[in-house]
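Engineer: As input, take coords.txt (compact mmCIF, C-alpha atoms):
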# COMPACT_ATOMS: atom_id res chain seq x y z
CA MET Q 252 6.14 9.20 33.77
CA LYS Q 253 9.21 11.43 33.60
CA THR Q 254 9.38 13.76 30.62
CA ILE Q 255 11.48 16.60 29.31
CA GLU Q 256 9.52 19.85 29.58
CA ILE Q 257 10.36 23.33 28.31
CA THR Q 258 9.60 26.48 30.28
CA GLY Q 259 9.45 28.58 27.12
CA PHE Q 260 11.21 29.00 23.82
CA GLY Q 261 14.93 29.65 24.11
CA GLY Q 262 18.31 28.03 24.69
CA PRO Q 263 19.07 24.56 26.05
CA ASP Q 264 18.53 25.75 29.62
CA VAL Q 265 14.75 26.05 29.09
CA MET Q 266 14.50 22.22 29.25
CA HIS Q 267 14.09 20.31 32.50
CA LEU Q 268 12.78 17.01 33.84
CA GLY Q 269 9.05 16.97 34.61
CA GLU Q 270 6.23 14.53 35.15
CA ARG Q 271 2.99 13.76 33.33
CA PRO Q 272 0.48 10.92 33.42
CA VAL Q 273 1.57 7.93 31.35
CA SER Q 274 0.29 8.23 27.80
CA VAL Q 275 -2.48 5.91 26.60
CA ALA Q 276 -2.38 4.10 23.25
CA GLY Q 277 -5.44 4.44 21.04
CA PRO Q 278 -6.63 2.40 18.04
CA GLY Q 279 -3.74 1.52 15.74
CA GLU Q 280 -1.19 2.58 18.36
CA LEU Q 281 1.06 0.99 20.95
CA LEU Q 282 2.78 2.22 24.09
CA ILE Q 283 6.56 1.96 24.30
CA ARG Q 284 8.52 1.94 27.54
CA VAL Q 285 11.33 4.12 26.25
CA ALA Q 286 14.94 3.13 26.82
CA ALA Q 287 16.49 5.70 24.49
CA SER Q 288 15.41 8.78 22.53
CA GLY Q 289 17.19 10.16 19.48
CA VAL Q 290 18.14 13.86 19.42
CA ASN Q 291 17.60 15.62 16.10
CA ARG Q 292 17.91 19.10 14.62
CA PRO Q 293 14.09 19.56 14.51
CA ASP Q 294 14.05 19.14 18.31
CA VAL Q 295 16.38 22.12 18.59
CA LEU Q 296 14.22 24.16 16.22
CA GLN Q 297 11.06 23.31 18.18
CA ARG Q 298 12.74 24.28 21.46
CA GLN Q 299 13.72 27.61 19.88
CA GLY Q 300 10.17 28.23 18.68
CA HIS Q 301 10.92 27.76 14.98
CA TYR Q 302 9.14 24.42 14.39
CA PRO Q 303 5.42 24.39 15.31
CA VAL Q 304 3.98 21.10 16.54
CA PRO Q 305 1.72 19.47 13.90
CA PRO Q 306 -1.98 19.31 14.80
CA GLY Q 307 -2.71 16.35 17.04
CA ALA Q 308 0.93 15.62 17.92
CA SER Q 309 2.36 15.68 21.45
CA ASP Q 310 4.01 18.93 22.49
CA ILE Q 311 6.83 16.93 24.11
CA LEU Q 312 10.05 17.02 22.09
CA GLY Q 313 11.42 13.91 20.41
CA LEU Q 314 10.81 12.22 17.05
CA GLU Q 315 12.34 8.76 17.52
CA VAL Q 316 12.56 6.23 20.32
CA ALA Q 317 13.54 2.66 21.10
CA GLY Q 318 12.33 0.42 23.89
CA THR Q 319 9.85 -2.35 24.66
CA ILE Q 320 6.16 -2.64 23.86
CA GLU Q 321 4.28 -2.02 27.10
CA ALA Q 322 0.66 -1.97 25.90
CA GLY Q 323 -1.54 -2.04 22.82
CA ASP Q 324 -4.39 -3.96 21.22
CA LEU Q 325 -3.18 -7.56 21.12
CA LEU Q 326 -4.92 -8.35 17.85
CA GLU Q 327 -3.52 -5.25 16.14
CA LEU Q 328 -0.07 -6.03 17.49
CA ALA Q 329 -0.24 -9.62 16.28
CA ALA Q 330 -1.36 -8.50 12.83
CA ALA Q 331 1.79 -6.36 12.63
CA GLY Q 332 4.01 -9.19 13.88
CA PHE Q 333 4.49 -7.78 17.38
CA GLN Q 334 3.67 -8.84 20.92
CA LEU Q 335 4.00 -7.29 24.35
CA GLY Q 336 7.63 -7.11 25.47
CA ASP Q 337 9.11 -6.92 21.97
CA ARG Q 338 11.92 -4.44 21.43
CA VAL Q 339 11.01 -1.86 18.81
CA CYS Q 340 12.12 1.50 17.49
CA ALA Q 341 9.61 4.03 16.23
CA LEU Q 342 9.21 7.27 14.35
CA VAL Q 343 6.81 9.62 16.12
CA ALA Q 344 5.51 13.13 15.47
CA GLY Q 345 6.34 14.14 19.05
CA GLY Q 346 6.53 12.73 22.57
CA GLY Q 347 9.86 10.95 22.31
CA TYR Q 348 11.56 12.69 25.24
CA ALA Q 349 9.65 10.71 27.86
CA GLU Q 350 9.76 7.40 29.73
CA TYR Q 351 6.68 6.23 27.81
CA CYS Q 352 5.72 7.14 24.27
CA VAL Q 353 2.69 6.34 22.10
CA ALA Q 354 3.48 5.44 18.51
CA PRO Q 355 1.44 4.32 15.50
CA ILE Q 356 2.00 0.57 15.14
CA ALA Q 357 2.66 1.07 11.43
CA GLN Q 358 5.60 3.38 12.23
CA CYS Q 359 7.31 0.84 14.49
CA LEU Q 360 10.04 -1.55 13.42
CA PRO Q 361 11.75 -4.37 15.29
CA VAL Q 362 15.16 -3.55 16.71
CA PRO Q 363 17.63 -5.08 14.22
CA ALA Q 364 19.43 -8.15 15.57
CA GLY Q 365 22.54 -7.31 17.54
CA LEU Q 366 21.74 -3.62 18.08
CA THR Q 367 21.35 -1.94 21.47
CA ASN Q 368 18.42 0.34 22.24
CA VAL Q 369 20.74 3.36 21.99
CA GLU Q 370 21.71 2.31 18.47
CA ALA Q 371 18.10 1.53 17.55
CA ALA Q 372 16.90 4.94 18.78
CA SER Q 373 19.24 6.59 16.27
CA LEU Q 374 17.60 4.92 13.27
CA PRO Q 375 14.01 6.01 12.50
CA GLU Q 376 14.24 9.76 11.85
CA THR Q 377 17.34 9.62 9.67
CA PHE Q 378 16.67 6.35 7.85
CA PHE Q 379 13.05 7.23 7.07
CA THR Q 380 14.13 10.70 5.87
CA VAL Q 381 17.06 9.52 3.75
CA TRP Q 382 15.19 6.59 2.23
CA SER Q 383 12.22 8.77 1.30
CA ASN Q 384 14.32 11.52 -0.27
CA LEU Q 385 17.42 9.81 -1.64
CA MET Q 386 15.94 6.53 -2.81
CA GLU Q 387 12.35 7.48 -3.64
CA ARG Q 388 12.17 11.18 -4.51
CA ALA Q 389 15.67 11.51 -6.01
CA ARG Q 390 15.60 7.96 -7.44
CA LEU Q 391 19.30 7.27 -6.82
CA GLN Q 392 20.43 4.40 -9.06
CA PRO Q 393 23.42 2.02 -8.99
CA GLY Q 394 26.40 3.54 -10.74
CA GLU Q 395 25.26 7.13 -10.24
CA THR Q 396 27.17 9.79 -8.32
CA VAL Q 397 25.67 11.64 -5.35
CA LEU Q 398 26.80 14.70 -3.38
CA ILE Q 399 25.71 14.69 0.27
CA GLN Q 400 25.87 18.05 2.03
CA GLY Q 401 26.76 17.76 5.72
CA GLY Q 402 28.22 14.27 5.55
CA SER Q 403 29.09 14.08 9.26
CA SER Q 404 25.56 14.89 10.48
CA GLY Q 405 23.09 12.24 11.55
CA ILE Q 406 21.47 12.52 8.12
CA GLY Q 407 24.87 12.51 6.45
CA VAL Q 408 26.28 9.34 8.02
CA THR Q 409 23.06 7.55 7.16
CA ALA Q 410 23.02 8.87 3.58
CA ILE Q 411 26.64 7.85 2.97
CA GLN Q 412 25.93 4.26 3.96
CA LEU Q 413 22.61 3.99 2.14
CA ALA Q 414 24.09 5.47 -1.04
CA LYS Q 415 27.02 3.03 -0.96
CA TRP Q 416 24.59 0.18 -0.25
CA ALA Q 417 22.68 1.30 -3.36
CA GLY Q 418 25.84 1.09 -5.47
CA ALA Q 419 26.48 4.82 -5.91
CA ARG Q 420 29.68 6.84 -5.95
CA VAL Q 421 29.52 9.17 -2.94
CA PHE Q 422 30.93 12.67 -2.42
CA VAL Q 423 30.31 14.58 0.81
CA THR Q 424 30.94 17.99 2.31
CA ALA Q 425 32.01 18.45 5.95
CA GLY Q 426 33.41 21.26 8.06
CA SER Q 427 36.80 19.95 9.20
CA ALA Q 428 39.58 17.59 8.20
CA GLU Q 429 38.57 15.24 11.03
CA LYS Q 430 34.96 15.13 9.87
CA CYS Q 431 36.09 14.52 6.30
CA GLU Q 432 38.19 11.58 7.51
CA ALA Q 433 35.20 10.18 9.40
CA CYS Q 434 33.08 10.34 6.25
CA LEU Q 435 35.75 8.56 4.22
CA ALA Q 436 35.92 5.85 6.91
CA LEU Q 437 32.17 5.31 6.47
CA GLY Q 438 32.66 4.69 2.75
CA ALA Q 439 32.52 8.09 1.06
CA ASP Q 440 34.62 8.17 -2.10
CA ALA Q 441 35.62 11.82 -1.63
CA ALA Q 442 35.18 14.36 1.16
CA ILE Q 443 35.25 18.13 0.59
CA ASN Q 444 36.06 20.50 3.45
CA TYR Q 445 33.60 23.30 2.71
CA LYS Q 446 35.52 25.70 4.96
CA THR Q 447 38.71 25.47 2.88
CA GLN Q 448 37.46 24.23 -0.51
CA ASP Q 449 34.78 25.30 -2.98
CA PHE Q 450 32.48 22.31 -3.34
CA GLN Q 451 31.40 23.35 -6.85
CA GLU Q 452 35.00 23.42 -8.04
CA GLU Q 453 35.77 20.12 -6.32
CA VAL Q 454 32.74 18.38 -7.83
CA SER Q 455 33.79 19.58 -11.27
CA ARG Q 456 37.33 18.29 -10.68
CA LEU Q 457 36.20 14.93 -9.31
CA THR Q 458 33.80 14.33 -12.22
CA ASP Q 459 35.96 15.76 -15.03
CA GLY Q 460 33.43 18.53 -15.45
CA GLN Q 461 30.46 16.19 -15.83
CA GLY Q 462 28.75 16.87 -12.49
CA VAL Q 463 26.77 14.58 -10.21
CA ASP Q 464 23.45 12.84 -10.71
CA VAL Q 465 21.93 13.57 -7.30
CA ILE Q 466 22.46 16.05 -4.46
CA LEU Q 467 21.00 15.63 -0.96
CA ASP Q 468 20.94 19.11 0.59
CA ILE Q 469 20.41 20.08 4.23
CA VAL Q 470 21.58 23.68 3.68
CA ALA Q 471 19.57 25.34 0.85
CA GLY Q 472 19.99 29.15 0.76
CA ALA Q 473 22.97 30.20 -1.35
CA TYR Q 474 23.98 26.56 -1.90
CA VAL Q 475 21.17 25.99 -4.40
CA ALA Q 476 22.74 28.18 -7.10
CA LYS Q 477 25.99 26.23 -6.91
CA GLU Q 478 24.16 22.90 -6.75
CA VAL Q 479 22.32 23.65 -9.99
CA GLN Q 480 25.76 24.17 -11.53
CA CYS Q 481 26.99 20.86 -10.03
CA LEU Q 482 24.24 18.67 -11.49
CA LYS Q 483 24.62 16.86 -14.78
CA ASP Q 484 21.80 16.50 -17.32
CA ASP Q 485 18.64 15.01 -15.77
CA GLY Q 486 20.14 15.56 -12.30
CA ARG Q 487 18.01 15.67 -9.16
CA LEU Q 488 18.35 17.99 -6.16
CA ALA Q 489 16.54 16.95 -2.97
CA ILE Q 490 16.32 19.66 -0.31
CA ILE Q 491 15.46 18.35 3.16
CA SER Q 492 16.48 21.23 5.45
CA ILE Q 493 17.08 24.96 5.19
CA GLN Q 494 19.92 25.58 7.62
CA GLY Q 495 21.36 28.12 5.17
CA GLY Q 496 18.10 30.04 4.76
CA THR Q 497 14.88 29.91 2.77
CA ARG Q 498 15.83 32.23 -0.09
CA SER Q 499 17.78 31.03 -3.12
CA GLU Q 500 18.67 32.59 -6.45
CA PHE Q 501 19.78 30.27 -9.25
CA ASN Q 502 20.06 30.05 -13.01
CA ALA Q 503 16.63 28.81 -14.11
CA GLY Q 504 17.95 28.50 -17.64
CA LEU Q 505 20.25 25.70 -16.49
CA VAL Q 506 17.30 23.92 -14.90
CA LEU Q 507 15.57 23.96 -18.31
CA ARG Q 508 18.57 23.05 -20.42
CA LYS Q 509 19.75 20.26 -18.11
CA ARG Q 510 16.20 18.99 -17.44
CA LEU Q 511 16.82 19.19 -13.70
CA THR Q 512 14.46 18.18 -10.93
CA ILE Q 513 14.44 20.23 -7.72
CA THR Q 514 12.35 18.67 -4.98
CA GLY Q 515 11.89 19.03 -1.26
CA SER Q 516 9.92 17.46 1.54
CA THR Q 517 9.25 17.36 5.26
CA LEU Q 518 8.42 14.14 7.05
CA ARG Q 519 6.87 15.07 10.39
CA PRO Q 520 3.45 16.31 9.19
CA ARG Q 521 2.91 13.51 6.67
CA PRO Q 522 0.10 11.00 7.38
CA VAL Q 523 0.67 7.64 9.06
CA ALA Q 524 0.01 5.77 5.80
CA PHE Q 525 2.89 7.60 4.10
CA LYS Q 526 5.30 6.85 6.94
CA ALA Q 527 4.06 3.25 7.10
CA ALA Q 528 5.07 2.76 3.47
CA ILE Q 529 8.57 4.04 4.25
CA ALA Q 530 8.74 1.73 7.29
CA LYS Q 531 7.89 -1.28 5.11
CA ALA Q 532 10.52 -0.29 2.54
CA CYS Q 533 13.18 0.13 5.23
CA LEU Q 534 12.25 -3.17 6.88
CA LYS Q 535 12.57 -5.00 3.57
CA ASN Q 536 15.64 -3.28 2.16
CA VAL Q 537 17.70 -1.75 4.97
CA TRP Q 538 17.01 -3.73 8.14
CA PRO Q 539 18.78 -6.88 6.85
CA ALA Q 540 21.87 -4.76 6.13
CA LEU Q 541 21.73 -3.36 9.68
CA ALA Q 542 21.35 -6.84 11.14
CA ASP Q 543 24.39 -8.23 9.33
CA GLY Q 544 26.56 -5.13 9.84
CA ARG Q 545 26.74 -3.89 6.25
CA ILE Q 546 25.17 -0.65 7.53
CA LYS Q 547 25.95 0.53 11.05
CA PRO Q 548 24.46 3.14 13.38
CA VAL Q 549 26.94 5.92 14.12
CA ILE Q 550 26.56 7.07 17.73
CA TYR Q 551 28.62 10.09 18.73
CA ARG Q 552 27.46 10.23 22.35
CA SER Q 553 24.67 9.03 24.62
CA LEU Q 554 23.66 11.09 27.64
CA ALA Q 555 21.18 10.56 30.46
CA ALA Q 556 17.84 12.24 29.84
CA ALA Q 557 18.50 14.58 32.75
CA ASP Q 558 21.44 15.95 30.74
CA VAL Q 559 19.23 16.97 27.82
CA ALA Q 560 20.51 20.57 27.90
CA ALA Q 561 24.05 19.31 27.33
CA ALA Q 562 22.80 17.10 24.49
CA HIS Q 563 21.16 20.07 22.74
CA ALA Q 564 24.22 22.26 23.31
CA LEU Q 565 26.32 19.55 21.69
CA MET Q 566 23.93 19.38 18.74
CA GLU Q 567 24.11 23.14 18.27
CA SER Q 568 27.93 23.11 18.47
CA SER Q 569 28.06 20.86 15.36
CA GLN Q 570 31.07 19.07 16.86
CA HIS Q 571 29.44 15.68 16.57
CA VAL Q 572 29.83 13.02 13.89
CA GLY Q 573 26.68 10.91 13.81
CA LYS Q 574 23.85 10.74 16.31
CA ILE Q 575 23.28 12.00 19.86
CA VAL Q 576 20.95 9.90 22.02
CA LEU Q 577 19.25 10.34 25.42
CA THR Q 578 18.86 7.33 27.73
CA TRP Q 579 16.16 6.46 30.25
CA GLY Q 580 17.64 3.76 32.47
CA LYS Q 581 18.73 0.37 31.09
CA THR Q 582 19.51 0.58 27.36
CA SER Q 583 20.81 -2.86 26.30
Once you've parsed the file, please lay out its structure as C-alpha cells.

Structural biologist:
Amino acid sequence: MKTIEITGFGGPDVMHLGERPVSVAGPGELLIRVAASGVNRPDVLQRQGHYPVPPGASDILGLEVAGTIEAGDLLELAAAGFQLGDRVCALVAGGGYAEYCVAPIAQCLPVPAGLTNVEAASLPETFFTVWSNLMERARLQPGETVLIQGGSSGIGVTAIQLAKWAGARVFVTAGSAEKCEACLALGADAAINYKTQDFQEEVSRLTDGQGVDVILDIVAGAYVAKEVQCLKDDGRLAIISIQGGTRSEFNAGLVLRKRLTITGSTLRPRPVAFKAAIAKACLKNVWPALADGRIKPVIYRSLAAADVAAAHALMESSQHVGKIVLTWGKTS
C-alpha cells in the first residue's frame, strides 16, 4: 500500500510517498480502504517531533479517515451493524495517511447520508474532540453562552455548529475580518478579531459585564488569565490545545470566588472504550443532524495525497477556514 513517510522531524518537505505491506486487522478491528484522510494540527506536531506516538499506535501520520470496509471479522462487523463494502469514517491513533488503515470497530461510524468521503474524513477528530470537551466535560447547556477560541479552525467550525445545535449563544475569536465573517455565516452570534480587538473587553461588552458560561480554548498560555476574567460564576474553561504555550499565570482568587472549573484533555492516548462511548454519543446525537444538513462539514481544500507537503504548509499558514483533506483516488 502507498503511505506517507517522513525522513526525519522537520518541515513539510520531510514527507514523501512510500510503500509498506497492507496492514492486517486484529480482533475488534477492521481494515479500511482509505479514500480520504483528514489533516489535523497534531499531524503537524508529530512531523515536527513535538507529539510522540502513543504506545502501540502506528508511526504513520493521520488520525481520521473515510473509505470502505475491506476486511474484518464478519461476526464482529455484524454485531456493530457493519458489513464488508460499507462506507465508514474512523478515528484512529495513527496510520491514517495510507491507502489502507486499521481501525477499532468501535471507533468507526457510518458515513452520514449524502456526504462524500472527503466530507466524512473531516468529521471524526474534530467531532469526537468537541463533543467530549464541550458537551461532556464543559457540560454546555441550552441557553448558555460559549466563547470558542479559533473559530475558523477545524475545531472551531465544528464547535460553532455543535454549540448552536445545543441551543447556546456563541461567540468566537478569529484572526481576520474574512474569518470572522465565515464564523458568522456558520451561525456564530458574534465574532471577535483578536488581532484588532481585545477579546476580554469584547466579551464584557457583549454580555453587559456578566461573562460567558463556557470557553473552549485551543491557545492556553497567556489567554488563560483573561479567560478566567471572562467567565461568569460557575463557568467552565476547557483547554484542548496549547498553541500559545504551556505556562499560564492567572488570578486563583477569581477561580475560588466564581467557583470556576478549569479542565483539559487529550484524545489520542485514551483507550478504545472511552472513544467508543464518544462514537455512540455522536452517532445518536450528531449524525442525524449531519444527515439532514443541520450541521455541515466545512472543507477548505482537498489535495491529492502526493501533495501532502502542500497540505501541511497550508495548515501551518493558518489561512484556512475549516478542514484540509488528503485524497487517495476516488472519493465520492

Engineer: Rounded to one decimal place, report the CA of Thr517 in chain Q-CA of Pro305 in chain Q distance in Å.

Structural biologist: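 CA of Thr517 in chain Q sits 11.7 Å away from CA of Pro305 in chain Q.
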
Engineer: Please list as a ChimeraX atom specification every residue within 9 Å of range 409-425 of chain Q, counting only C-alpha atoms and excluding residues in the same chain fewer than 6 positions away.

Structural biologist: /Q:374,377-378,381-382,385-386,391-403,431,434-435,437-446,450,454,457,467,537,540,545-549,573

Engineer: Sorted by chain and rising residue number, which residues of range 323-433 of chain Q lie within 9 Å of range 276-280 of chain Q, and what are their closest atom pairs and distances in Å to one decimal, counting only C-alpha atoms, as CSV?

Structural biologist:
residue,atom,partner,partner_atom,distance
Q:Gly323,CA,Q:Ala276,CA,6.2
Q:Asp324,CA,Q:Pro278,CA,7.5
Q:Glu327,CA,Q:Gly279,CA,6.8
Q:Leu328,CA,Q:Gly279,CA,8.6
Q:Cys352,CA,Q:Ala276,CA,8.7
Q:Val353,CA,Q:Ala276,CA,5.7
Q:Ala354,CA,Q:Glu280,CA,5.5
Q:Pro355,CA,Q:Glu280,CA,4.3
Q:Ile356,CA,Q:Glu280,CA,5.0
Q:Ala357,CA,Q:Gly279,CA,7.7

Engineer: May I ask which of the residues Q:Val479, Q:Ala287, Q:Val463, Q:Leu360 is the closest one to Cys533 in chain Q, counting all atoms listed in the file?

Structural biologist: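 Distance minimum relative to Cys533 in chain Q lands on Q:Leu360.
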
Engineer: Compare Q:Tyr351, Q:Phe379, Q:Trp538, Q:Tyr551 by their minimum atom-to-atom distance to Lys574 in chain Q, counting only C-alpha atoms, and give me the closest one.

Structural biologist: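 Ranking Q:Tyr351, Q:Phe379, Q:Trp538, Q:Tyr551 by distance to Lys574 in chain Q, first place goes to Q:Tyr551.
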
Engineer: Report the centre and edge lengths, in Å to one decimal, of an axis-aligned box enclosing every atom of range 337-350 of chain Q listed in the file, padded by 5 Å on each side, as AutoDock Vina command-line options.

Structural biologist:
--center_x 8.8 --center_y 3.6 --center_z 22.0 --size_x 16.6 --size_y 31.1 --size_z 25.4

Engineer: Which residues are near Asp337 in chain Q? Cut-off 10 Å, only C-alpha atoms, ignore same chain within fewer than 5 positions. Put them as a list in words.

Structural biologist: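 Everything that qualifies: Ile283, Gly318, Thr319, Ile320, Glu321, Gly332, Pro361 and Val362 of chain Q.
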
Engineer: For C-alpha atoms, I'd like the residues from the last selection saved as a compact mmCIF listing (two decimals), keeping the file's coordinate frame.

Structural biologist:
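Printed below is selection16.txt as written:
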# COMPACT_ATOMS: atom_id res chain seq x y z
CA ILE Q 283 6.56 1.96 24.30
CA GLY Q 318 12.33 0.42 23.89
CA THR Q 319 9.85 -2.35 24.66
CA ILE Q 320 6.16 -2.64 23.86
CA GLU Q 321 4.28 -2.02 27.10
CA GLY Q 332 4.01 -9.19 13.88
CA PRO Q 361 11.75 -4.37 15.29
CA VAL Q 362 15.16 -3.55 16.71

Engineer: I need the residue nearest Ala524 in chain Q from this list: Q:Ile575, Q:Ala556, Q:Leu482, Q:Gln358. Use all atoms listed in the file for the distance.

Structural biologist: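 Closest candidate: Q:Gln358.
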
Engineer: Compare Q:Asp459, Q:Asp558, Q:Asp543, Q:Glu387 by their minimum atom-to-atom distance to Gly515 in chain Q, counting all atoms listed in the file, and give me the closest one.

Structural biologist: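 Result for the nearest residue to Gly515 in chain Q: Q:Glu387.
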
Engineer: I'd like the contact shell of Ile513 in chain Q - 10 Å cut-off, only C-alpha atoms, skipping same-chain residues fewer than 2 positions apart - returned as a list in words.

Structural biologist: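 Contacts, in chain order: Arg388, Ala389, Ile466, Val475, Val479, Gly486, Arg487, Leu488, Ala489, Ile490, Val506, Arg510, Leu511 and Gly515 of chain Q.
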
Engineer: Could you add the missing atoms to range 374-383 of chain Q, up to all heavy atoms, and return them as a CSV table (one decimal), in the coordinates of the input?

Structural biologist:
chain,number,residue,atom,x,y,z
Q,374,LEU,N,17.9,5.3,14.6
Q,374,LEU,CA,17.6,4.9,13.3
Q,374,LEU,C,16.4,5.6,12.6
Q,374,LEU,O,16.5,6.1,11.5
Q,374,LEU,CB,17.4,3.4,13.2
Q,374,LEU,CG,18.5,2.5,13.7
Q,374,LEU,CD1,18.1,1.0,13.7
Q,374,LEU,CD2,19.7,2.7,12.8
Q,375,PRO,N,15.2,5.7,13.3
Q,375,PRO,CA,14.0,6.0,12.5
Q,375,PRO,C,14.0,7.4,11.8
Q,375,PRO,O,13.7,7.4,10.6
Q,375,PRO,CB,12.9,5.9,13.6
Q,375,PRO,CG,13.4,5.0,14.6
Q,375,PRO,CD,14.9,5.3,14.7
Q,376,GLU,N,14.3,8.4,12.5
Q,376,GLU,CA,14.2,9.8,11.8
Q,376,GLU,C,15.2,9.9,10.6
Q,376,GLU,O,14.7,10.3,9.6
Q,376,GLU,CB,14.6,10.8,12.9
Q,376,GLU,CG,14.7,12.2,12.3
Q,376,GLU,CD,13.4,12.8,11.8
Q,376,GLU,OE1,12.3,12.3,12.1
Q,376,GLU,OE2,13.4,13.9,11.1
Q,377,THR,N,16.4,9.4,10.8
Q,377,THR,CA,17.3,9.6,9.7
Q,377,THR,C,17.1,8.6,8.6
Q,377,THR,O,17.1,9.0,7.4
Q,377,THR,CB,18.8,9.5,10.2
Q,377,THR,OG1,19.0,8.4,10.9
Q,377,THR,CG2,19.1,10.7,11.0
Q,378,PHE,N,16.9,7.4,8.9
Q,378,PHE,CA,16.7,6.4,7.8
Q,378,PHE,C,15.4,6.6,7.1
Q,378,PHE,O,15.3,6.4,5.9
Q,378,PHE,CB,16.8,4.9,8.4
Q,378,PHE,CG,18.2,4.4,8.6
Q,378,PHE,CD1,18.9,4.7,9.7
Q,378,PHE,CD2,18.8,3.7,7.5
Q,378,PHE,CE1,20.2,4.3,9.8
Q,378,PHE,CE2,20.1,3.3,7.6
Q,378,PHE,CZ,20.8,3.6,8.8
Q,379,PHE,N,14.3,6.9,7.8
Q,379,PHE,CA,13.0,7.2,7.1
Q,379,PHE,C,13.3,8.4,6.1
Q,379,PHE,O,12.8,8.4,5.0
Q,379,PHE,CB,11.9,7.5,8.1
Q,379,PHE,CG,11.2,6.4,8.7
Q,379,PHE,CD1,12.0,5.3,9.2
Q,379,PHE,CD2,9.9,6.3,8.8
Q,379,PHE,CE1,11.3,4.2,9.8
Q,379,PHE,CE2,9.2,5.2,9.3
Q,379,PHE,CZ,10.0,4.2,9.8
Q,380,THR,N,13.9,9.5,6.6
Q,380,THR,CA,14.1,10.7,5.9
Q,380,THR,C,15.0,10.4,4.7
Q,380,THR,O,14.7,10.8,3.5
Q,380,THR,CB,14.8,11.8,6.7
Q,380,THR,OG1,13.9,12.1,7.8
Q,380,THR,CG2,15.1,13.0,5.9
Q,381,VAL,N,16.1,9.8,4.9
Q,381,VAL,CA,17.1,9.5,3.8
Q,381,VAL,C,16.5,8.6,2.7
Q,381,VAL,O,16.6,8.8,1.5
Q,381,VAL,CB,18.4,9.0,4.3
Q,381,VAL,CG1,19.3,8.6,3.1
Q,381,VAL,CG2,19.1,10.1,5.1
Q,382,TRP,N,15.8,7.5,3.2
Q,382,TRP,CA,15.2,6.6,2.2
Q,382,TRP,C,14.2,7.3,1.4
Q,382,TRP,O,14.1,7.2,0.2
Q,382,TRP,CB,14.5,5.4,3.0
Q,382,TRP,CG,13.9,4.4,2.0
Q,382,TRP,CD1,12.7,4.5,1.4
Q,382,TRP,CD2,14.6,3.4,1.3
Q,382,TRP,NE1,12.5,3.5,0.5
Q,382,TRP,CE2,13.7,2.8,0.4
Q,382,TRP,CE3,15.9,2.8,1.4
Q,382,TRP,CZ2,14.0,1.7,-0.4
Q,382,TRP,CZ3,16.2,1.7,0.6
Q,382,TRP,CH2,15.3,1.2,-0.3
Q,383,SER,N,13.3,8.1,2.0
Q,383,SER,CA,12.2,8.8,1.3
Q,383,SER,C,12.8,9.7,0.3
Q,383,SER,O,12.3,9.8,-0.9
Q,383,SER,CB,11.3,9.5,2.3
Q,383,SER,OG,10.3,10.3,1.6
